[in-house]
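Enquirer: Please read through the structure below; I'll follow up with questions.
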Amino acid sequence: MNQQQPISVSVILVNYNGKEILLDCLNSIQKFIDIPNYEIILVDNASSDGSVELVAVNYPHIRLVKQIENRGFGAGNNVGAKFATGEFLFLLNTDTVLINNILPHLIQLMQADPQVGIIGPKLLNPDGSLQISVSPALGIKGEYEARQMHQAYQNISQQNLIEQKFQEIQEVDIVVGAAFFIRSSLFNDLGGFDENFFMYFEESDLCQRAQYRGYKIIYTPDVSLIHLKGYSIQKAANIMAIEYRRSQIYYYQKHRPLWEQLLLRIYIFYKFFGEFITTANPNSLKIIILLFTVEKSAVKISVSN
């Protein structure tokens, strides 16, 4: 990396106890990214698995930012963005592996149209199959459509038809945050991620707010990368299930009409009240309590292995 030139892209990664996967991600960046003017910023959310030491020893050129607590995905990226000097930010999950030099194409798409604010590349499962990484605008209708698409993709007879829909560059409502390319100026103008989202829905919220400003969200299949999907979530599945509903309720509070907010709350109540009655699962009760306690205030959760 030639630090004498203005930085074009700041690659930002947020790590939380990701030692098992972090090396593969960083090695792939080092192997495939071949532009002279980029920087890597790794924000560590108070890991305790030795991943910080691993990076410090093996990747001294990476800017390592250590947090004293885990404040979530969005907050971690916001911290990284404060140190970034690039014209563009490439927010990359640590459970991804690059398989090509992805940045030149993304830069070219941004430079070709000043109204493009965010780009999501094609995501692949470890076996090379398509991983659906876009979504319609979230709401009752949008979530139903997204769920139907994901369920249909589990049917082998429909996979080819769905894959054909993602063969061309296209404007979409939402791209997932695993590989999120955005103009630094736009990210800063929007105030970054809303840190009330600890995890889930933060990229949907950012995409929605970018669209409010008149920017386009683009999906491109011309470059791709592997996404392990759910690595960090699997290690704290119960907590994350609760956090998903917390973020969902908050997102609806921000962006959806009152009737949709009410319908969502009714759905969640009946779904998890039934589960609690039949299974006595305490997490179901915690989700029900969210219906009466979620506020627009910072969410802080301690996630441990």
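Ordering of the structure tokens sets the chain letters (A, B, ...), residue numbers begin anew at 1 in every chain, and ligands are numbered from 1 in the order given.
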Skipping near chain neighbours, those fewer than 5 positions away, what residues fall within 10 Å of Arg246 in chain A using only C-alpha atoms, listed as number ranges by chain?
Expert: A: 196-201, 240-241, 251, 287, 290-291, 293-295, 299
Enquirer: Got a sec: who's within 10 Å of Ser51 in chain A, counting only C-alpha atoms, leaving out chain neighbours fewer than 3 positions off, as a list in words?
Expert: Asn15, Tyr16, Asn17, Gly18, Lys19, Glu20, Ile21, Leu22, Leu23, Asp44, Ala46, Ser47, Ser48, Leu54, Val55 and Ala56 of chain A
Enquirer: Considering only C-alpha atoms, return as a list in words whatever protein or nucleic-acid residues lie within 7 Å of Phe180 in chain A, sequence-local ones (same chain, fewer than 5 positions apart) excluded.
Expert: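 Counting only the stated atoms, we get Phe90, Leu91, Leu92, Ile119 and Gly120 of chain A.
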Enquirer: Keeping only all heavy atoms, write the selected residues as a PDB file, in the first residue's frame.
Expert:
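Saved the output as selection_14.pdb:
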```
ATOM      1  N   PHE A  90     -15.332   0.330   2.414  1.00  0.00           N
ATOM      2  CA  PHE A  90     -15.745  -1.037   2.119  1.00  0.00           C
ATOM      3  C   PHE A  90     -15.883  -1.745   3.461  1.00  0.00           C
ATOM      4  O   PHE A  90     -14.901  -2.134   4.079  1.00  0.00           O
ATOM      5  CB  PHE A  90     -14.717  -1.734   1.233  1.00  0.00           C
ATOM      6  CG  PHE A  90     -15.164  -3.081   0.726  1.00  0.00           C
ATOM      7  CD1 PHE A  90     -16.499  -3.339   0.441  1.00  0.00           C
ATOM      8  CD2 PHE A  90     -14.240  -4.090   0.515  1.00  0.00           C
ATOM      9  CE1 PHE A  90     -16.913  -4.578  -0.042  1.00  0.00           C
ATOM     10  CE2 PHE A  90     -14.632  -5.335   0.035  1.00  0.00           C
ATOM     11  CZ  PHE A  90     -15.978  -5.572  -0.236  1.00  0.00           C
ATOM     12  N   LEU A  91     -17.130  -1.858   3.934  1.00  0.00           N
ATOM     13  CA  LEU A  91     -17.410  -2.478   5.224  1.00  0.00           C
ATOM     14  C   LEU A  91     -17.532  -3.977   4.995  1.00  0.00           C
ATOM     15  O   LEU A  91     -18.443  -4.442   4.311  1.00  0.00           O
ATOM     16  CB  LEU A  91     -18.703  -1.904   5.807  1.00  0.00           C
ATOM     17  CG  LEU A  91     -18.802  -0.367   5.794  1.00  0.00           C
ATOM     18  CD1 LEU A  91     -20.110   0.094   6.427  1.00  0.00           C
ATOM     19  CD2 LEU A  91     -17.608   0.275   6.483  1.00  0.00           C
ATOM     20  N   LEU A  92     -16.613  -4.712   5.575  1.00  0.00           N
ATOM     21  CA  LEU A  92     -16.472  -6.129   5.252  1.00  0.00           C
ATOM     22  C   LEU A  92     -16.548  -6.968   6.515  1.00  0.00           C
ATOM     23  O   LEU A  92     -15.820  -6.713   7.482  1.00  0.00           O
ATOM     24  CB  LEU A  92     -15.131  -6.353   4.549  1.00  0.00           C
ATOM     25  CG  LEU A  92     -14.867  -7.692   3.882  1.00  0.00           C
ATOM     26  CD1 LEU A  92     -15.837  -7.933   2.744  1.00  0.00           C
ATOM     27  CD2 LEU A  92     -13.423  -7.755   3.387  1.00  0.00           C
ATOM     28  N   ILE A 119     -23.228   0.003  -2.790  1.00  0.00           N
ATOM     29  CA  ILE A 119     -23.162  -1.147  -3.698  1.00  0.00           C
ATOM     30  C   ILE A 119     -22.932  -2.417  -2.882  1.00  0.00           C
ATOM     31  O   ILE A 119     -22.111  -2.434  -1.959  1.00  0.00           O
ATOM     32  CB  ILE A 119     -22.026  -1.008  -4.728  1.00  0.00           C
ATOM     33  CG1 ILE A 119     -22.161   0.293  -5.520  1.00  0.00           C
ATOM     34  CG2 ILE A 119     -22.015  -2.210  -5.685  1.00  0.00           C
ATOM     35  CD1 ILE A 119     -20.981   0.560  -6.451  1.00  0.00           C
ATOM     36  N   GLY A 120     -23.639  -3.469  -3.259  1.00  0.00           N
ATOM     37  CA  GLY A 120     -23.418  -4.778  -2.664  1.00  0.00           C
ATOM     38  C   GLY A 120     -22.989  -5.756  -3.737  1.00  0.00           C
ATOM     39  O   GLY A 120     -23.660  -5.895  -4.751  1.00  0.00           O
TER      40      GLY A 120
END
```
Enquirer: Find the residue from A:Ile218, A:Val175, A:Ile40, A:Ile118 that sits nearest to Ser10 in chain A; use only C-alpha atoms when measuring.
Expert: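 Among the listed residues, A:Ile40 lies closest to Ser10 in chain A.
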Enquirer: Excluding range 60-65 of chain A and any residue of its chain fewer than 6 positions from it, enumerate the residues within 8 Å of it, using only C-alpha atoms, and give them as a PyMOL selection string.
Expert: chain A and resi 39-44+80
Enquirer: Can you list, as a VMD selection string, every residue of range 172-301 of chain A that DSSP puts in alpha helix (DSSP H)?
Expert: chain A and resid 184 to 189 202 to 212 231 to 234 237 to 255 258 to 279 282 to 293
Enquirer: Considering only C-alpha atoms, return as JSON, numbers by chain whatever protein or nucleic-acid residues lie within 8 Å of Tyr219 in chain A, sequence-local ones (same chain, fewer than 3 positions apart) excluded.
Expert: {"A": [119, 120, 121, 122, 134, 169, 170, 171, 172, 175]}
Enquirer: Under the rule of at most 12 Å, produce a per-residue listing of range 140-222 of chain A near range 253-265 of chain A: chain, number, name, the closest pair of atoms, and the distance in Å, as CSV, using only C-alpha atoms.
Expert:
```
residue,atom,partner,partner_atom,distance
A:Ile140,CA,A:Glu260,CA,6.6
A:Lys141,CA,A:Glu260,CA,9.6
A:Gly142,CA,A:Arg256,CA,11.3
A:Glu143,CA,A:Leu264,CA,10.9
A:Tyr144,CA,A:Leu264,CA,11.8
A:Asp194,CA,A:Lys254,CA,10.7
A:Asn196,CA,A:Lys254,CA,11.0
A:Phe197,CA,A:Lys254,CA,11.5
A:Phe201,CA,A:Lys254,CA,11.4
A:Glu202,CA,A:Lys254,CA,11.7
A:Ser204,CA,A:His255,CA,10.4
A:Asp205,CA,A:His255,CA,8.2
A:Leu206,CA,A:His255,CA,11.3
A:Cys207,CA,A:His255,CA,11.7
A:Gln208,CA,A:His255,CA,8.4
A:Arg209,CA,A:His255,CA,9.4
A:Tyr212,CA,A:His255,CA,10.8
```
Enquirer: One decimal, Å: what's the distance from CA of Gly72 in chain A over to CA of Phe272 in chain A, could you say?
Expert: 25.0 Å
Enquirer: Restricting the calculation to only C-alpha atoms, which member of A:Ile102, A:Ile33, A:Ala280, A:Met149 is positioned closest to Glu163 in chain A?
Expert: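 Of all the options, A:Met149 lies closest to Glu163 in chain A.
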Enquirer: Would you pick out the contacts of Ile288 in chain A at 10 Å or less, using only C-alpha atoms, so that residues sharing its chain but fewer than 3 positions from it are not included, and give the list as a VMD selection string?
Expert: chain A and resid 242 245 265 268 to 273 276 282 to 285 291 to 293
